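I have placed the structure first, in the form of structure tokens, so that the comments after it can refer back to it.
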Amino acid sequence: MGEPASEPRDTIGMTVEEMQAYIDALLQEEAAEAADARGTTVDEELDSAGFAAARAASSYAIKLLDANNAYIARFLLDRGVLAASEE
């Protein structure tokens with residue numbers, strides 16, 4: 001994962017795109033380890049049922065985290081802990 005963004009953000013935590021990129025990088029690393037252990041290729045591992053299941057589960061987890069980030073932001077805004085951005 002790269003460095004945190006230095007510009008102002010409209011989110012708490014990572015964006016959906018950042019979470020997806022992070023998961024993709026993790027899956028690539030895991031697939032490389034599995035390929036090395038099994039004598040297959042990274043692409044073969046990524047195409048396997050196990051990695052397909054991991055991607056599917058990850059997409060639901062990302063949706064849950066995104067909703068939770070929005071809930072936390074709303075909670076903090078409602079209590080005046082965070083100031084709303086003026087647009």
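Convention: chains lettered A, B, ... in structure tokens order; per-chain residue numbering from 1; ligands numbered from 1 as shown.
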
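Summary of the local environment: counting only C-alpha atoms, residues at most 12 Å from segment 65-68 of chain A, other than itself and those fewer than 2 positions away along its chain, are Thr11, Ile12, Gly13, Met14, Thr15, Val16, Glu17, Glu18, Met19, Gln20, Ser58, Ser59, Tyr60, Ala61, Ile62, Lys63, Ala70, Tyr71, Ile72, Ala73, Arg74 and Phe75 of chain A.
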
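One finds atom CA of Asp10 of chain A at 11.1 Å from atom CA of Ala83 of chain A.
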
Taking only chain A into account, list the residues labelled alpha helix (DSSP H) by DSSP (computed from the backbone), as a PDB file with N, CA and C atoms, in the first residue's frame.
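That gives us result_19.pdb:
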ATOM      1  N   VAL A  16     -13.023   3.111  -1.921  1.00  0.00           N
ATOM      2  CA  VAL A  16     -13.318   1.798  -2.508  1.00  0.00           C
ATOM      3  C   VAL A  16     -12.210   1.402  -3.480  1.00  0.00           C
ATOM      4  N   GLU A  17     -11.773   2.355  -4.285  1.00  0.00           N
ATOM      5  CA  GLU A  17     -10.731   2.065  -5.273  1.00  0.00           C
ATOM      6  C   GLU A  17      -9.420   1.691  -4.597  1.00  0.00           C
ATOM      7  N   GLU A  18      -9.087   2.391  -3.516  1.00  0.00           N
ATOM      8  CA  GLU A  18      -7.856   2.072  -2.785  1.00  0.00           C
ATOM      9  C   GLU A  18      -7.939   0.697  -2.133  1.00  0.00           C
ATOM     10  N   MET A  19      -9.102   0.378  -1.559  1.00  0.00           N
ATOM     11  CA  MET A  19      -9.273  -0.942  -0.962  1.00  0.00           C
ATOM     12  C   MET A  19      -9.167  -2.035  -2.014  1.00  0.00           C
ATOM     13  N   GLN A  20      -9.782  -1.808  -3.177  1.00  0.00           N
ATOM     14  CA  GLN A  20      -9.729  -2.807  -4.242  1.00  0.00           C
ATOM     15  C   GLN A  20      -8.303  -3.002  -4.735  1.00  0.00           C
ATOM     16  N   ALA A  21      -7.574  -1.909  -4.896  1.00  0.00           N
ATOM     17  CA  ALA A  21      -6.180  -2.012  -5.332  1.00  0.00           C
ATOM     18  C   ALA A  21      -5.344  -2.760  -4.297  1.00  0.00           C
ATOM     19  N   TYR A  22      -5.597  -2.497  -3.022  1.00  0.00           N
ATOM     20  CA  TYR A  22      -4.865  -3.177  -1.959  1.00  0.00           C
ATOM     21  C   TYR A  22      -5.168  -4.671  -1.969  1.00  0.00           C
ATOM     22  N   ILE A  23      -6.438  -5.030  -2.087  1.00  0.00           N
ATOM     23  CA  ILE A  23      -6.826  -6.445  -2.150  1.00  0.00           C
ATOM     24  C   ILE A  23      -6.199  -7.109  -3.373  1.00  0.00           C
ATOM     25  N   ASP A  24      -6.229  -6.431  -4.514  1.00  0.00           N
ATOM     26  CA  ASP A  24      -5.623  -6.989  -5.730  1.00  0.00           C
ATOM     27  C   ASP A  24      -4.143  -7.270  -5.521  1.00  0.00           C
ATOM     28  N   ALA A  25      -3.443  -6.345  -4.863  1.00  0.00           N
ATOM     29  CA  ALA A  25      -2.015  -6.541  -4.589  1.00  0.00           C
ATOM     30  C   ALA A  25      -1.799  -7.722  -3.644  1.00  0.00           C
ATOM     31  N   LEU A  26      -2.643  -7.833  -2.622  1.00  0.00           N
ATOM     32  CA  LEU A  26      -2.530  -8.965  -1.701  1.00  0.00           C
ATOM     33  C   LEU A  26      -2.777 -10.290  -2.410  1.00  0.00           C
ATOM     34  N   LEU A  27      -3.792 -10.317  -3.263  1.00  0.00           N
ATOM     35  CA  LEU A  27      -4.090 -11.548  -4.003  1.00  0.00           C
ATOM     36  C   LEU A  27      -2.952 -11.917  -4.958  1.00  0.00           C
ATOM     37  N   GLN A  28      -2.345 -10.911  -5.568  1.00  0.00           N
ATOM     38  CA  GLN A  28      -1.193 -11.172  -6.449  1.00  0.00           C
ATOM     39  C   GLN A  28      -0.051 -11.806  -5.654  1.00  0.00           C
ATOM     40  N   GLU A  29       0.217 -11.262  -4.467  1.00  0.00           N
ATOM     41  CA  GLU A  29       1.279 -11.813  -3.619  1.00  0.00           C
ATOM     42  C   GLU A  29       0.972 -13.248  -3.216  1.00  0.00           C
ATOM     43  N   GLU A  30      -0.258 -13.483  -2.790  1.00  0.00           N
ATOM     44  CA  GLU A  30      -0.655 -14.826  -2.387  1.00  0.00           C
ATOM     45  C   GLU A  30      -0.605 -15.801  -3.555  1.00  0.00           C
ATOM     46  N   ALA A  31      -1.039 -15.340  -4.718  1.00  0.00           N
ATOM     47  CA  ALA A  31      -1.008 -16.195  -5.908  1.00  0.00           C
ATOM     48  C   ALA A  31       0.436 -16.536  -6.290  1.00  0.00           C
ATOM     49  N   ALA A  32       1.334 -15.574  -6.141  1.00  0.00           N
ATOM     50  CA  ALA A  32       2.750 -15.827  -6.449  1.00  0.00           C
ATOM     51  C   ALA A  32       3.320 -16.870  -5.498  1.00  0.00           C
ATOM     52  N   GLU A  33       2.978 -16.766  -4.217  1.00  0.00           N
ATOM     53  CA  GLU A  33       3.444 -17.766  -3.250  1.00  0.00           C
ATOM     54  C   GLU A  33       2.871 -19.139  -3.558  1.00  0.00           C
ATOM     55  N   ALA A  34       1.577 -19.192  -3.869  1.00  0.00           N
ATOM     56  CA  ALA A  34       0.931 -20.467  -4.190  1.00  0.00           C
ATOM     57  C   ALA A  34       1.523 -21.064  -5.460  1.00  0.00           C
ATOM     58  N   ALA A  35       1.749 -20.219  -6.455  1.00  0.00           N
ATOM     59  CA  ALA A  35       2.323 -20.708  -7.720  1.00  0.00           C
ATOM     60  C   ALA A  35       3.701 -21.283  -7.495  1.00  0.00           C
ATOM     61  N   ASP A  36       4.493 -20.608  -6.676  1.00  0.00           N
ATOM     62  CA  ASP A  36       5.842 -21.079  -6.376  1.00  0.00           C
ATOM     63  C   ASP A  36       5.792 -22.424  -5.656  1.00  0.00           C
ATOM     64  N   ALA A  37       4.882 -22.568  -4.721  1.00  0.00           N
ATOM     65  CA  ALA A  37       4.760 -23.802  -3.948  1.00  0.00           C
ATOM     66  C   ALA A  37       4.218 -24.961  -4.777  1.00  0.00           C
ATOM     67  N   ARG A  38       3.331 -24.653  -5.736  1.00  0.00           N
ATOM     68  CA  ARG A  38       2.676 -25.705  -6.510  1.00  0.00           C
ATOM     69  C   ARG A  38       3.295 -25.954  -7.874  1.00  0.00           C
ATOM     70  N   VAL A  42       1.254 -17.691 -11.755  1.00  0.00           N
ATOM     71  CA  VAL A  42       0.408 -16.769 -11.003  1.00  0.00           C
ATOM     72  C   VAL A  42      -0.968 -16.689 -11.653  1.00  0.00           C
ATOM     73  N   ASP A  43      -1.016 -16.613 -12.976  1.00  0.00           N
ATOM     74  CA  ASP A  43      -2.311 -16.537 -13.670  1.00  0.00           C
ATOM     75  C   ASP A  43      -3.157 -17.777 -13.416  1.00  0.00           C
ATOM     76  N   GLU A  44      -2.527 -18.949 -13.405  1.00  0.00           N
ATOM     77  CA  GLU A  44      -3.280 -20.176 -13.120  1.00  0.00           C
ATOM     78  C   GLU A  44      -3.862 -20.137 -11.713  1.00  0.00           C
ATOM     79  N   GLU A  45      -3.076 -19.655 -10.776  1.00  0.00           N
ATOM     80  CA  GLU A  45      -3.573 -19.556  -9.403  1.00  0.00           C
ATOM     81  C   GLU A  45      -4.709 -18.554  -9.312  1.00  0.00           C
ATOM     82  N   LEU A  46      -4.546 -17.390  -9.945  1.00  0.00           N
ATOM     83  CA  LEU A  46      -5.594 -16.371  -9.892  1.00  0.00           C
ATOM     84  C   LEU A  46      -6.877 -16.843 -10.557  1.00  0.00           C
ATOM     85  N   ALA A  49     -10.461 -21.692  -8.424  1.00  0.00           N
ATOM     86  CA  ALA A  49     -11.698 -21.490  -7.662  1.00  0.00           C
ATOM     87  C   ALA A  49     -11.422 -20.792  -6.331  1.00  0.00           C
ATOM     88  N   GLY A  50     -10.324 -21.127  -5.694  1.00  0.00           N
ATOM     89  CA  GLY A  50     -10.001 -20.517  -4.411  1.00  0.00           C
ATOM     90  C   GLY A  50      -9.803 -19.019  -4.510  1.00  0.00           C
ATOM     91  N   PHE A  51      -9.080 -18.579  -5.523  1.00  0.00           N
ATOM     92  CA  PHE A  51      -8.852 -17.153  -5.687  1.00  0.00           C
ATOM     93  C   PHE A  51     -10.111 -16.444  -6.182  1.00  0.00           C
ATOM     94  N   ALA A  52     -10.932 -17.139  -6.959  1.00  0.00           N
ATOM     95  CA  ALA A  52     -12.214 -16.553  -7.378  1.00  0.00           C
ATOM     96  C   ALA A  52     -13.093 -16.320  -6.149  1.00  0.00           C
ATOM     97  N   ALA A  53     -13.094 -17.276  -5.236  1.00  0.00           N
ATOM     98  CA  ALA A  53     -13.866 -17.130  -4.002  1.00  0.00           C
ATOM     99  C   ALA A  53     -13.317 -15.987  -3.151  1.00  0.00           C
ATOM    100  N   ALA A  54     -12.003 -15.873  -3.086  1.00  0.00           N
ATOM    101  CA  ALA A  54     -11.390 -14.781  -2.314  1.00  0.00           C
ATOM    102  C   ALA A  54     -11.763 -13.425  -2.901  1.00  0.00           C
ATOM    103  N   ARG A  55     -11.759 -13.311  -4.236  1.00  0.00           N
ATOM    104  CA  ARG A  55     -12.149 -12.043  -4.872  1.00  0.00           C
ATOM    105  C   ARG A  55     -13.605 -11.716  -4.579  1.00  0.00           C
ATOM    106  N   ALA A  56     -14.469 -12.722  -4.645  1.00  0.00           N
ATOM    107  CA  ALA A  56     -15.890 -12.496  -4.379  1.00  0.00           C
ATOM    108  C   ALA A  56     -16.101 -12.058  -2.924  1.00  0.00           C
ATOM    109  N   ALA A  57     -15.466 -12.740  -2.000  1.00  0.00           N
ATOM    110  CA  ALA A  57     -15.591 -12.372  -0.591  1.00  0.00           C
ATOM    111  C   ALA A  57     -15.030 -10.978  -0.351  1.00  0.00           C
ATOM    112  N   SER A  58     -13.946 -10.659  -1.020  1.00  0.00           N
ATOM    113  CA  SER A  58     -13.324  -9.341  -0.867  1.00  0.00           C
ATOM    114  C   SER A  58     -14.248  -8.232  -1.332  1.00  0.00           C
ATOM    115  N   SER A  59     -14.979  -8.465  -2.403  1.00  0.00           N
ATOM    116  CA  SER A  59     -15.872  -7.416  -2.909  1.00  0.00           C
ATOM    117  C   SER A  59     -16.965  -7.110  -1.891  1.00  0.00           C
ATOM    118  N   TYR A  60     -17.475  -8.142  -1.203  1.00  0.00           N
ATOM    119  CA  TYR A  60     -18.469  -7.910  -0.157  1.00  0.00           C
ATOM    120  C   TYR A  60     -17.844  -7.203   1.042  1.00  0.00           C
ATOM    121  N   ALA A  61     -16.635  -7.605   1.402  1.00  0.00           N
ATOM    122  CA  ALA A  61     -15.951  -6.971   2.532  1.00  0.00           C
ATOM    123  C   ALA A  61     -15.691  -5.499   2.243  1.00  0.00           C
ATOM    124  N   ILE A  62     -15.309  -5.176   1.025  1.00  0.00           N
ATOM    125  CA  ILE A  62     -15.059  -3.785   0.652  1.00  0.00           C
ATOM    126  C   ILE A  62     -16.343  -2.970   0.754  1.00  0.00           C
ATOM    127  N   LYS A  63     -17.454  -3.536   0.309  1.00  0.00           N
ATOM    128  CA  LYS A  63     -18.737  -2.831   0.428  1.00  0.00           C
ATOM    129  C   LYS A  63     -19.085  -2.590   1.891  1.00  0.00           C
ATOM    130  N   LEU A  64     -18.846  -3.575   2.732  1.00  0.00           N
ATOM    131  CA  LEU A  64     -19.115  -3.433   4.155  1.00  0.00           C
ATOM    132  C   LEU A  64     -18.216  -2.357   4.772  1.00  0.00           C
ATOM    133  N   LEU A  65     -16.936  -2.390   4.462  1.00  0.00           N
ATOM    134  CA  LEU A  65     -16.011  -1.386   4.987  1.00  0.00           C
ATOM    135  C   LEU A  65     -16.367   0.016   4.506  1.00  0.00           C
ATOM    136  N   ASP A  66     -16.759   0.140   3.253  1.00  0.00           N
ATOM    137  CA  ASP A  66     -17.140   1.449   2.717  1.00  0.00           C
ATOM    138  C   ASP A  66     -18.369   1.986   3.449  1.00  0.00           C
ATOM    139  N   ALA A  67     -19.355   1.115   3.675  1.00  0.00           N
ATOM    140  CA  ALA A  67     -20.549   1.533   4.408  1.00  0.00           C
ATOM    141  C   ALA A  67     -20.192   1.905   5.843  1.00  0.00           C
ATOM    142  N   ASN A  68     -19.310   1.153   6.468  1.00  0.00           N
ATOM    143  CA  ASN A  68     -18.901   1.453   7.828  1.00  0.00           C
ATOM    144  C   ASN A  68     -18.131   2.772   7.887  1.00  0.00           C
ATOM    145  N   ASN A  69     -17.265   3.025   6.920  1.00  0.00           N
ATOM    146  CA  ASN A  69     -16.542   4.301   6.865  1.00  0.00           C
ATOM    147  C   ASN A  69     -17.523   5.469   6.763  1.00  0.00           C
ATOM    148  N   ALA A  70     -18.554   5.315   5.937  1.00  0.00           N
ATOM    149  CA  ALA A  70     -19.564   6.366   5.793  1.00  0.00           C
ATOM    150  C   ALA A  70     -20.335   6.550   7.100  1.00  0.00           C
ATOM    151  N   TYR A  71     -20.648   5.458   7.759  1.00  0.00           N
ATOM    152  CA  TYR A  71     -21.361   5.536   9.042  1.00  0.00           C
ATOM    153  C   TYR A  71     -20.514   6.271  10.072  1.00  0.00           C
ATOM    154  N   ILE A  72     -19.232   5.928  10.167  1.00  0.00           N
ATOM    155  CA  ILE A  72     -18.340   6.588  11.127  1.00  0.00           C
ATOM    156  C   ILE A  72     -18.229   8.079  10.809  1.00  0.00           C
ATOM    157  N   ALA A  73     -18.080   8.411   9.533  1.00  0.00           N
ATOM    158  CA  ALA A  73     -17.984   9.820   9.139  1.00  0.00           C
ATOM    159  C   ALA A  73     -19.247  10.573   9.540  1.00  0.00           C
ATOM    160  N   ARG A  74     -20.409   9.992   9.275  1.00  0.00           N
ATOM    161  CA  ARG A  74     -21.675  10.640   9.635  1.00  0.00           C
ATOM    162  C   ARG A  74     -21.776  10.811  11.148  1.00  0.00           C
ATOM    163  N   PHE A  75     -21.399   9.790  11.877  1.00  0.00           N
ATOM    164  CA  PHE A  75     -21.406   9.828  13.341  1.00  0.00           C
ATOM    165  C   PHE A  75     -20.535  10.979  13.843  1.00  0.00           C
ATOM    166  N   LEU A  76     -19.334  11.096  13.320  1.00  0.00           N
ATOM    167  CA  LEU A  76     -18.413  12.158  13.748  1.00  0.00           C
ATOM    168  C   LEU A  76     -18.889  13.538  13.310  1.00  0.00           C
ATOM    169  N   LEU A  77     -19.462  13.631  12.111  1.00  0.00           N
ATOM    170  CA  LEU A  77     -20.013  14.909  11.655  1.00  0.00           C
ATOM    171  C   LEU A  77     -21.178  15.351  12.534  1.00  0.00           C
ATOM    172  N   ASP A  78     -22.076  14.432  12.850  1.00  0.00           N
ATOM    173  CA  ASP A  78     -23.250  14.756  13.658  1.00  0.00           C
ATOM    174  C   ASP A  78     -22.877  15.229  15.063  1.00  0.00           C
TER     175      ASP A  78
END
